[in-house]
Protein chains: 2
Amino acid sequence: MSSGSNSVLVQDIGEQGLLARLQRFCPPDIIGDDAAVIPVPEEGKSLVVTTDILVDGVHFSDRTTSPEDVGWRAAAANLSDLAAMGASPLGITVGLSVNGEVAVSWVEQLYQGLTYCLEQYNTPIVGGDICRSPVRSISITAFGQVASHRTLRRSAAQVGDAIVVTGVHGASRGGLELLLNPKSGLHLRETERRSLILAHQRPQPRLDVVPILGNILSPISLVVHNNKFDGSARHGDMETRGRGERKTCQNRIGGLLAGMDSSDGLADAVVQICRASGVGAVVDRNKIPLPPALNQLVSLEEVWDWVLYGGEDFELVLCLSAELAEVLVEQLGAGAAVIGKITTGNRVWLTDSSDIYADEELSLSRGFQHFGNFRF
Amino acid sequence: MSSGSNSVLVQDIGEQGLLARLQRFCPPDIIGDDAAVIPVPEEGKSLVVTTDILVDGVHFSDRTTSPEDVGWRAAAANLSDLAAMGASPLGITVGLSVNGEVAVSWVEQLYQGLTYCLEQYNTPIVGGDICRSPVRSISITAFGQVASHRTLRRSAAQVGDAIVVTGVHGASRGGLELLLNPKSGLHLRETERRSLILAHQRPQPRLDVVPILGNILSPISLVVHNNKFDGSARHGDMETRGRGERKTCQNRIGGLLAGMDSSDGLADAVVQICRASGVGAVVDRNKIPLPPALNQLVSLEEVWDWVLYGGEDFELVLCLSAELAEVLVEQLGAGAAVIGKITTGNRVWLTDSSDIYADEELSLSRGFQHFGNFRF
């Protein structure tokens, strides 16, 4: 065993010692009490809370994931859940389970990864717990705020809505493949390999979509930026109020848009939204944006499996009027697309406007089943 | 294996099946999105957040703890952290890690136990996560609200403050002993045995203390309920304002009281408060209330070990002016007591006004060290 700092184990410095080392990742004013006092949501906003657990050997492994990446991905998954509600982050708590033989440097790098991801969104670690456990795991709870009328709900999809993806799917699964079988990607360009691996190791929660959505939905920006919308207002999508200059977007009952993130796969997201909203959908395979180079890595059949069911891409799947969808896709840029529309009924069909594939029904049973027998 | 519902395993019904069964423990309106939208703190209050992990084999065991008790204790520990901040609960999230071979009934009983404890305080389960892990663990994050000027802080103790305990210590450790070695308590009365075992299995977070503290600190109640306090106002503990009828309690800089819970033991709580406040303390052994029957269970030496270091009694340790302390103890009733006072310096002494024991210095190193080598 080397005498460097890498060889210091958790049991060598104890709980208090470990806490002392981790305090540098937290704002100084929240340390040292039984609980953290954090900023309250702004006037007129709701509090949004989400929680996630990552377990060694299930959600991460030293073989494919450095402690920094574990931290980044844990933070990203929770921030993505906030984005999926249309919320902006306020803070997170971190519950860490490790055994005494874990290197202190592993824990510090984990917190470093958390912090790297969180810093992009000015989100502090506001508290946590450390405990001894034979299995390493990280449990994160994230808090955010959202204006009540801007909350994204799975149950708010309406017949006729366009279905938007904010980016490509299957890239995270492709990156995992490159980490598990490095030889499989030797014929790819370095930039393509890096891009897929980054998608797996450092996924970006789509919190950037939240203000863009807010902007699109805000009456003033609609009038100023997109005159097309003055037109659509006449068709009931928008409503003119007051003195002619102010228009509010009332494109649906209650004003809510539908959405969720695609952490459990693109197919899962569309099916979950349809189930929660009591509607069906048609998704056009030909319109789903694919990550470049994925089809050079595996067969086309496997590409589609990863795109639909791979999961962990942390994009958003949104349902909104065709007109708003068009503006949103334009503002989001590369990777964003309208991939289908919400229909009556309760079935979700994957069609193909290029007529290569036969129609296929999408269902939850094909998706990622954490406890399904076939996973044991 | 029986064919009853006890034999249904998590892997038989999968994640979706398990989630469906657990939804009855949550308010219906918070289910089915990526995150929960929960009530915001009231105007002028701060958000308080705390998180805790319980691990099978470390914090609970099937030998001493039914799944209902695991749930109850997990809820109680987190609500106790809110009480320790002077906060009232808004909701909790539950992160559950289990393997597929765990009985569904075990999980349901766990949630039942959580709910039994939470219902006493009208606190909903507002969200959570379930994941597969070789080791069962429960991670809970609790949210509450507190009026900023009523927040209890470890760092707010002042020289001259009385130290109050809200109840007896050592009872939880005594109950654990009876569960581990049932024969050891055969000579106790049934009510005594039950009382100690309940203290371990169903500890009560002292959320009841929060409104009592609020009442004592509120200017009107002081004037109305306790004329003694009109007197103490003249000594600087209170300040008369306005038209003579309204008095505000300004018994300290910034108006904050010091406090924390005794989940890691009574000695730990006193030492932590002193360390955070940069003060010392003298605690009189003779004034510490003991659970009845504990001295019939083990030697007096062991009784004191349990009282000072046993932990998990979930009482509050509070530091406030002697006058307020007297009123508080009177209102709390049985088990509450002034056990010492805050001094200058940075050492914490356990003295004995009955002159049986020699003075002893209390320190953190004697307390519960989750990662200390001696625990491995």
# chains A, B, ... in the order shown; residues from 1 in each chain; ligands from 1

call {"tool": "calpha_fit_and_write", "arguments": {"fixed": "chain B", "moving": "chain A", "output": "tab-separated table (two decimals) with C-alpha atoms, in the first residue's frame"}}
result
chain	number	residue	atom	x	y	z
A	1	MET	CA	-43.06	-21.71	0.53
A	2	SER	CA	-46.61	-20.78	1.41
A	3	SER	CA	-48.93	-19.44	-1.24
A	4	GLY	CA	-50.05	-16.53	0.97
A	5	SER	CA	-49.33	-12.89	0.17
A	6	ASN	CA	-46.26	-13.06	2.42
A	7	SER	CA	-44.53	-15.17	-0.18
A	8	VAL	CA	-44.86	-12.64	-3.00
A	9	LEU	CA	-41.40	-11.30	-3.69
A	10	VAL	CA	-40.39	-7.95	-5.10
A	11	GLN	CA	-39.04	-9.67	-8.21
A	12	ASP	CA	-42.44	-11.29	-8.79
A	13	ILE	CA	-44.25	-8.01	-9.23
A	14	GLY	CA	-41.42	-5.78	-10.55
A	15	GLU	CA	-40.76	-2.12	-9.93
A	16	GLN	CA	-44.04	-0.91	-11.43
A	17	GLY	CA	-46.01	-3.46	-9.41
A	18	LEU	CA	-44.27	-2.44	-6.21
A	19	LEU	CA	-44.81	1.26	-6.90
A	20	ALA	CA	-48.49	0.59	-7.52
A	21	ARG	CA	-48.80	-1.11	-4.12
A	22	LEU	CA	-46.99	1.70	-2.33
A	23	GLN	CA	-49.08	4.49	-3.84
A	24	ARG	CA	-51.73	4.01	-1.19
A	25	PHE	CA	-49.27	5.46	1.34
A	26	CYS	CA	-48.95	8.73	-0.62
A	27	PRO	CA	-51.42	11.55	-1.30
A	28	PRO	CA	-52.92	10.75	-4.75
A	29	ASP	CA	-52.14	14.14	-6.25
A	30	ILE	CA	-48.37	13.83	-5.93
A	31	ILE	CA	-48.01	10.52	-7.77
A	32	GLY	CA	-46.82	9.99	-11.29
A	33	ASP	CA	-44.42	12.78	-12.17
A	34	ASP	CA	-40.64	13.07	-12.16
A	35	ALA	CA	-40.81	15.04	-8.93
A	36	ALA	CA	-43.35	16.05	-6.31
A	37	VAL	CA	-44.80	19.53	-6.06
A	38	ILE	CA	-45.29	20.19	-2.36
A	39	PRO	CA	-46.72	23.06	-0.33
A	40	VAL	CA	-44.35	25.98	0.05
A	41	PRO	CA	-43.47	27.29	3.48
A	42	GLU	CA	-45.83	29.94	4.79
A	43	GLU	CA	-45.00	33.61	4.34
A	44	GLY	CA	-41.97	34.61	6.41
A	45	LYS	CA	-40.85	31.05	7.14
A	46	SER	CA	-37.73	29.23	6.01
A	47	LEU	CA	-37.49	25.82	4.43
A	48	VAL	CA	-35.67	23.21	6.53
A	49	VAL	CA	-34.28	20.02	4.99
A	50	THR	CA	-32.71	16.97	6.58
A	51	THR	CA	-31.69	13.57	5.30
A	52	ASP	CA	-30.88	10.22	6.93
A	53	ILE	CA	-29.97	6.73	5.81
A	54	LEU	CA	-30.76	3.49	7.61
A	55	VAL	CA	-28.86	0.37	6.52
A	56	ASP	CA	-29.75	-3.26	7.21
A	57	GLY	CA	-27.28	-4.77	9.66
A	58	VAL	CA	-26.04	-1.34	10.74
A	59	HIS	CA	-29.12	0.60	11.83
A	60	PHE	CA	-31.67	-2.18	11.96
A	61	SER	CA	-31.88	-5.95	11.89
A	62	ASP	CA	-34.70	-8.45	11.50
A	63	ARG	CA	-33.61	-9.83	14.86
A	64	THR	CA	-34.63	-6.72	16.80
A	65	THR	CA	-36.71	-4.68	14.38
A	66	SER	CA	-39.89	-5.52	12.50
A	67	PRO	CA	-40.30	-3.76	9.15
A	68	GLU	CA	-43.00	-1.57	10.73
A	69	ASP	CA	-40.55	-0.52	13.42
A	70	VAL	CA	-37.84	0.19	10.84
A	71	GLY	CA	-40.29	2.49	9.10
A	72	TRP	CA	-41.41	4.17	12.31
A	73	ARG	CA	-37.83	4.75	13.47
A	74	ALA	CA	-36.75	6.10	10.10
A	75	ALA	CA	-39.62	8.59	10.12
A	76	ALA	CA	-39.02	9.48	13.77
A	77	ALA	CA	-35.29	10.13	13.26
A	78	ASN	CA	-35.99	12.61	10.47
A	79	LEU	CA	-38.89	14.33	12.20
A	80	SER	CA	-36.62	14.62	15.24
A	81	ASP	CA	-34.06	16.49	13.13
A	82	LEU	CA	-36.80	18.93	12.12
A	83	ALA	CA	-37.83	19.35	15.78
A	84	ALA	CA	-34.15	19.96	16.57
A	85	MET	CA	-34.28	22.97	14.24
A	86	GLY	CA	-37.53	24.22	15.78
A	87	ALA	CA	-39.33	23.33	12.55
A	88	SER	CA	-42.72	21.79	11.78
A	89	PRO	CA	-42.88	19.08	9.10
A	90	LEU	CA	-44.20	19.56	5.53
A	91	GLY	CA	-43.43	16.14	4.01
A	92	ILE	CA	-40.83	13.44	3.45
A	93	THR	CA	-39.39	11.54	0.50
A	94	VAL	CA	-38.42	7.88	0.81
A	95	GLY	CA	-35.62	6.19	-1.11
A	96	LEU	CA	-35.79	2.43	-0.75
A	97	SER	CA	-33.09	-0.06	-1.76
A	98	VAL	CA	-34.05	-3.74	-1.72
A	99	ASN	CA	-33.15	-6.88	-3.61
A	100	GLY	CA	-35.66	-8.88	-5.59
A	101	GLU	CA	-35.86	-11.63	-2.97
A	102	VAL	CA	-37.36	-9.31	-0.37
A	103	ALA	CA	-41.02	-10.04	0.39
A	104	VAL	CA	-43.45	-7.42	-0.88
A	105	SER	CA	-45.14	-7.63	2.53
A	106	TRP	CA	-41.87	-6.52	4.17
A	107	VAL	CA	-41.84	-3.38	2.01
A	108	GLU	CA	-45.53	-2.70	2.66
A	109	GLN	CA	-45.07	-3.07	6.42
A	110	LEU	CA	-42.10	-0.71	6.26
A	111	TYR	CA	-44.29	1.92	4.59
A	112	GLN	CA	-47.04	1.18	7.09
A	113	GLY	CA	-44.62	1.95	9.94
A	114	LEU	CA	-43.49	5.15	8.26
A	115	THR	CA	-47.10	6.18	7.82
A	116	TYR	CA	-48.11	5.36	11.42
A	117	CYS	CA	-45.42	7.69	12.72
A	118	LEU	CA	-46.01	10.40	10.10
A	119	GLU	CA	-49.80	10.43	10.56
A	120	GLN	CA	-49.39	11.70	14.12
A	121	TYR	CA	-47.96	14.88	12.63
A	122	ASN	CA	-50.10	15.08	9.46
A	123	THR	CA	-46.96	14.60	7.40
A	124	PRO	CA	-47.34	13.06	3.91
A	125	ILE	CA	-44.88	10.91	1.97
A	126	VAL	CA	-44.48	13.17	-1.06
A	127	GLY	CA	-42.23	11.07	-3.26
A	128	GLY	CA	-39.41	8.63	-3.47
A	129	ASP	CA	-37.37	6.15	-5.40
A	130	ILE	CA	-37.11	2.37	-5.31
A	131	CYS	CA	-34.03	0.60	-6.50
A	132	ARG	CA	-32.41	-2.77	-6.54
A	133	SER	CA	-29.51	-3.30	-4.16
A	134	PRO	CA	-27.93	-6.30	-2.46
A	135	VAL	CA	-28.34	-4.48	0.90
A	136	ARG	CA	-31.64	-3.17	2.17
A	137	SER	CA	-31.55	0.50	3.08
A	138	ILE	CA	-33.94	3.38	3.52
A	139	SER	CA	-32.96	6.95	2.88
A	140	ILE	CA	-35.34	9.64	4.00
A	141	THR	CA	-35.35	13.34	3.36
A	142	ALA	CA	-37.72	15.43	5.45
A	143	PHE	CA	-38.82	19.02	4.82
A	144	GLY	CA	-40.20	21.43	7.30
A	145	GLN	CA	-40.73	25.09	7.91
A	146	VAL	CA	-39.62	27.38	10.68
A	147	ALA	CA	-39.99	31.07	11.40
A	148	SER	CA	-36.45	32.34	10.84
A	149	HIS	CA	-36.19	33.97	14.28
A	150	ARG	CA	-37.34	30.74	15.95
A	151	THR	CA	-34.73	28.49	14.33
A	152	LEU	CA	-32.83	26.41	16.88
A	153	ARG	CA	-29.11	26.52	16.18
A	154	ARG	CA	-26.32	24.49	17.74
A	155	SER	CA	-24.18	27.60	17.62
A	156	ALA	CA	-26.53	29.88	19.61
A	157	ALA	CA	-25.72	28.79	23.18
A	158	GLN	CA	-24.64	31.64	25.47
A	159	VAL	CA	-22.71	31.66	28.71
A	160	GLY	CA	-25.19	31.45	31.58
A	161	ASP	CA	-27.83	29.52	29.62
A	162	ALA	CA	-29.54	26.63	31.33
A	163	ILE	CA	-29.28	23.27	29.56
A	164	VAL	CA	-32.65	21.51	29.28
A	165	VAL	CA	-33.42	17.92	28.30
A	166	THR	CA	-36.97	17.27	27.14
A	167	GLY	CA	-37.03	13.69	28.48
A	168	VAL	CA	-35.08	10.71	29.82
A	169	HIS	CA	-32.03	9.20	28.13
A	170	GLY	CA	-30.84	5.60	27.93
A	171	ALA	CA	-34.33	4.13	27.47
A	172	SER	CA	-33.82	3.25	23.80
A	173	ARG	CA	-30.57	1.43	24.59
A	174	GLY	CA	-32.34	-0.36	27.45
A	175	GLY	CA	-35.10	-1.48	25.09
A	176	LEU	CA	-32.53	-2.78	22.62
A	177	GLU	CA	-30.94	-4.82	25.43
A	178	LEU	CA	-34.32	-6.40	26.25
A	179	LEU	CA	-34.79	-7.33	22.58
A	180	LEU	CA	-31.30	-8.76	22.23
A	181	ASN	CA	-31.37	-10.59	25.59
A	182	PRO	CA	-35.01	-11.10	26.59
A	183	LYS	CA	-33.95	-13.06	29.68
A	184	SER	CA	-32.13	-10.05	31.09
A	185	GLY	CA	-35.45	-8.35	31.81
A	186	LEU	CA	-37.52	-11.19	33.20
A	187	HIS	CA	-37.43	-9.67	36.68
A	188	LEU	CA	-38.78	-6.30	35.46
A	189	ARG	CA	-42.45	-5.44	35.61
A	190	GLU	CA	-44.29	-5.87	32.31
A	191	THR	CA	-45.05	-2.12	32.10
A	192	GLU	CA	-41.37	-1.29	32.62
A	193	ARG	CA	-40.29	-3.76	29.96
A	194	ARG	CA	-42.90	-2.46	27.49
A	195	SER	CA	-41.89	1.11	28.16
A	196	LEU	CA	-38.19	0.47	27.43
A	197	ILE	CA	-38.94	-1.63	24.34
A	198	LEU	CA	-41.34	1.02	23.01
A	199	ALA	CA	-38.67	3.66	23.54
A	200	HIS	CA	-36.47	1.66	21.19
A	201	GLN	CA	-39.06	0.51	18.65
A	202	ARG	CA	-41.35	3.53	18.54
A	203	PRO	CA	-39.39	6.59	19.64
A	204	GLN	CA	-41.39	9.81	19.56
A	205	PRO	CA	-39.81	12.78	17.83
A	206	ARG	CA	-40.28	15.81	20.06
A	207	LEU	CA	-42.22	17.88	17.55
A	208	ASP	CA	-44.61	18.61	20.44
A	209	VAL	CA	-41.88	20.82	21.95
A	210	VAL	CA	-41.91	23.18	18.93
A	211	PRO	CA	-45.26	24.88	19.62
A	212	ILE	CA	-44.53	24.91	23.37
A	213	LEU	CA	-41.27	26.76	22.69
A	214	GLY	CA	-43.12	29.10	20.36
A	215	ASN	CA	-45.69	29.75	23.06
A	216	ILE	CA	-43.08	30.45	25.71
A	217	LEU	CA	-41.24	32.80	23.40
A	218	SER	CA	-44.38	34.59	22.24
A	219	PRO	CA	-44.76	37.95	23.97
A	220	ILE	CA	-48.47	37.67	24.69
A	221	SER	CA	-48.37	34.27	26.33
A	222	LEU	CA	-45.51	35.41	28.53
A	223	VAL	CA	-47.47	38.33	29.85
A	224	VAL	CA	-50.67	36.37	30.29
A	225	HIS	CA	-49.39	33.07	31.61
A	226	ASN	CA	-46.40	33.98	33.64
A	227	ASN	CA	-46.16	37.18	35.53
A	228	LYS	CA	-42.70	36.29	36.68
A	229	PHE	CA	-41.58	37.23	33.22
A	230	ASP	CA	-42.68	40.79	33.57
A	231	GLY	CA	-40.02	40.91	36.24
A	232	SER	CA	-37.25	39.31	34.28
A	233	ALA	CA	-37.80	41.78	31.47
A	234	ARG	CA	-36.25	44.46	33.67
A	235	HIS	CA	-33.08	42.44	33.82
A	236	GLY	CA	-32.60	42.55	30.08
A	237	ASP	CA	-34.14	39.21	29.25
A	238	MET	CA	-37.17	40.82	27.75
A	239	GLU	CA	-37.83	44.15	26.24
A	240	THR	CA	-40.99	46.20	26.57
A	241	ARG	CA	-42.17	47.69	23.29
A	242	GLY	CA	-45.07	49.75	22.01
A	243	ARG	CA	-48.04	50.49	24.22
A	244	GLY	CA	-47.14	48.49	27.29
A	245	GLU	CA	-49.28	45.45	26.50
A	246	ARG	CA	-46.99	43.95	23.90
A	247	LYS	CA	-43.66	42.63	25.11
A	248	THR	CA	-41.16	40.73	23.00
A	249	CYS	CA	-38.74	38.19	24.32
A	250	GLN	CA	-35.26	39.23	23.30
A	251	ASN	CA	-33.39	37.00	25.61
A	252	ARG	CA	-30.32	36.69	23.40
A	253	ILE	CA	-28.36	38.12	20.52
A	254	GLY	CA	-30.35	37.60	17.35
A	255	GLY	CA	-33.14	36.06	19.40
A	256	LEU	CA	-32.12	32.47	18.57
A	257	LEU	CA	-32.16	29.60	21.04
A	258	ALA	CA	-29.62	26.78	20.90
A	259	GLY	CA	-30.65	23.19	20.51
A	260	MET	CA	-30.22	19.85	18.81
A	261	ASP	CA	-31.59	16.37	19.22
A	262	SER	CA	-29.91	13.62	21.22
A	263	SER	CA	-30.02	10.97	18.50
A	264	ASP	CA	-26.28	10.33	18.92
A	265	GLY	CA	-26.43	10.44	22.70
A	266	LEU	CA	-26.86	13.03	25.42
A	267	ALA	CA	-23.13	13.63	25.88
A	268	ASP	CA	-22.70	14.10	22.13
A	269	ALA	CA	-25.49	16.69	22.02
A	270	VAL	CA	-24.06	18.81	24.85
A	271	VAL	CA	-20.51	18.62	23.44
A	272	GLN	CA	-21.68	19.42	19.88
A	273	ILE	CA	-23.61	22.48	21.06
A	274	CYS	CA	-20.63	23.72	23.10
A	275	ARG	CA	-18.23	23.19	20.23
A	276	ALA	CA	-20.51	24.99	17.74
A	277	SER	CA	-21.12	27.87	20.17
A	278	GLY	CA	-17.53	28.22	21.40
A	279	VAL	CA	-18.52	27.72	25.02
A	280	GLY	CA	-18.13	25.16	27.80
A	281	ALA	CA	-20.69	23.51	30.06
A	282	VAL	CA	-21.20	21.90	33.42
A	283	VAL	CA	-23.75	19.08	33.55
A	284	ASP	CA	-24.89	17.79	36.92
A	285	ARG	CA	-25.21	14.00	36.83
A	286	ASN	CA	-27.58	14.22	39.78
A	287	LYS	CA	-30.07	16.25	37.73
A	288	ILE	CA	-30.20	14.01	34.66
A	289	PRO	CA	-33.54	12.17	34.71
A	290	LEU	CA	-33.12	8.39	34.36
A	291	PRO	CA	-35.62	5.96	32.86
A	292	PRO	CA	-37.30	3.92	35.61
A	293	ALA	CA	-36.11	0.30	35.86
A	294	LEU	CA	-32.88	0.85	33.94
A	295	ASN	CA	-30.83	0.30	37.10
A	296	GLN	CA	-32.60	-3.04	37.65
A	297	LEU	CA	-31.44	-4.19	34.24
A	298	VAL	CA	-27.71	-3.51	34.33
A	299	SER	CA	-24.97	-2.17	36.62
A	300	LEU	CA	-24.98	1.51	37.50
A	301	GLU	CA	-21.84	1.96	35.43
A	302	GLU	CA	-23.63	0.60	32.37
A	303	VAL	CA	-26.73	2.68	33.14
A	304	TRP	CA	-24.59	5.82	32.91
A	305	ASP	CA	-22.96	4.60	29.73
A	306	TRP	CA	-26.39	4.17	28.14
A	307	VAL	CA	-27.71	7.47	29.47
A	308	LEU	CA	-24.74	9.48	28.21
A	309	TYR	CA	-23.77	7.56	25.08
A	310	GLY	CA	-26.62	5.17	24.22
A	311	GLY	CA	-28.20	7.43	21.63
A	312	GLU	CA	-31.48	7.20	19.69
A	313	ASP	CA	-33.64	8.64	22.44
A	314	PHE	CA	-34.58	11.50	20.09
A	315	GLU	CA	-35.08	13.99	22.89
A	316	LEU	CA	-34.10	17.63	22.46
A	317	VAL	CA	-31.24	19.33	24.30
A	318	LEU	CA	-31.94	23.06	24.53
A	319	CYS	CA	-30.02	26.05	25.84
A	320	LEU	CA	-31.97	29.07	26.97
A	321	SER	CA	-32.13	31.55	29.83
A	322	ALA	CA	-32.71	30.07	33.28
A	323	GLU	CA	-36.10	31.78	33.52
A	324	LEU	CA	-37.38	30.44	30.20
A	325	ALA	CA	-35.91	27.03	30.99
A	326	GLU	CA	-37.95	26.87	34.19
A	327	VAL	CA	-41.19	27.60	32.31
A	328	LEU	CA	-40.32	25.13	29.57
A	329	VAL	CA	-39.58	22.29	32.00
A	330	GLU	CA	-42.83	22.98	33.83
A	331	GLN	CA	-44.84	22.86	30.62
A	332	LEU	CA	-43.09	19.72	29.30
A	333	GLY	CA	-43.72	17.78	32.48
A	334	ALA	CA	-42.32	14.36	33.39
A	335	GLY	CA	-38.79	13.62	32.22
A	336	ALA	CA	-37.89	17.18	31.31
A	337	ALA	CA	-35.24	18.85	33.45
A	338	VAL	CA	-32.57	21.50	33.68
A	339	ILE	CA	-29.39	19.39	33.80
A	340	GLY	CA	-26.67	22.02	33.78
A	341	LYS	CA	-25.49	25.34	32.44
A	342	ILE	CA	-23.35	26.87	29.75
A	343	THR	CA	-20.00	28.27	30.92
A	344	THR	CA	-17.04	30.11	29.50
A	345	GLY	CA	-14.13	28.08	28.15
A	346	ASN	CA	-14.53	25.10	25.86
A	347	ARG	CA	-14.64	22.09	28.18
A	348	VAL	CA	-17.70	20.11	29.15
A	349	TRP	CA	-17.70	18.73	32.68
A	350	LEU	CA	-19.97	16.12	34.14
A	351	THR	CA	-20.15	16.89	37.85
A	352	ASP	CA	-22.19	15.27	40.61
A	353	SER	CA	-23.96	17.42	43.19
A	354	SER	CA	-24.62	14.29	45.23
A	355	ASP	CA	-20.86	13.70	45.48
A	356	ILE	CA	-20.97	10.03	44.54
A	357	TYR	CA	-19.02	10.32	41.29
A	358	ALA	CA	-15.83	12.25	40.58
A	359	ASP	CA	-15.94	14.99	37.94
A	360	GLU	CA	-15.48	13.70	34.42
A	361	GLU	CA	-14.82	15.52	31.17
A	362	LEU	CA	-17.18	14.71	28.30
A	363	SER	CA	-15.86	14.61	24.74
A	364	LEU	CA	-16.93	13.51	21.29
A	365	SER	CA	-14.38	10.71	21.07
A	366	ARG	CA	-16.31	8.71	23.64
A	367	GLY	CA	-19.53	8.99	21.64
A	368	PHE	CA	-20.86	6.92	18.81
A	369	GLN	CA	-18.33	6.84	15.97
A	370	HIS	CA	-19.94	5.32	12.90
A	371	PHE	CA	-16.63	4.76	11.14
A	372	GLY	CA	-14.29	4.47	14.12
A	373	ASN	CA	-11.98	1.47	13.89
A	374	PHE	CA	-13.48	-0.01	17.01
A	375	ARG	CA	-16.83	-0.28	15.25
A	376	PHE	CA	-15.38	-2.55	12.51

call {"tool": "select_by_dssp", "arguments": {"residues": "range 13-231 of chain B", "states": "alpha helix (DSSP H)", "output": "ChimeraX atom specification"}}
result
/B:13-22,67-84,104-119,171-180,190-201,209-217,219-225,228-231

call {"tool": "select_by_dssp", "arguments": {"residues": "range 30-181 of chain B", "states": "strand (DSSP E)", "output": "VMD selection string"}}
result
chain B and resid 36 to 38 45 to 55 88 to 98 125 to 132 137 to 147 162 to 165
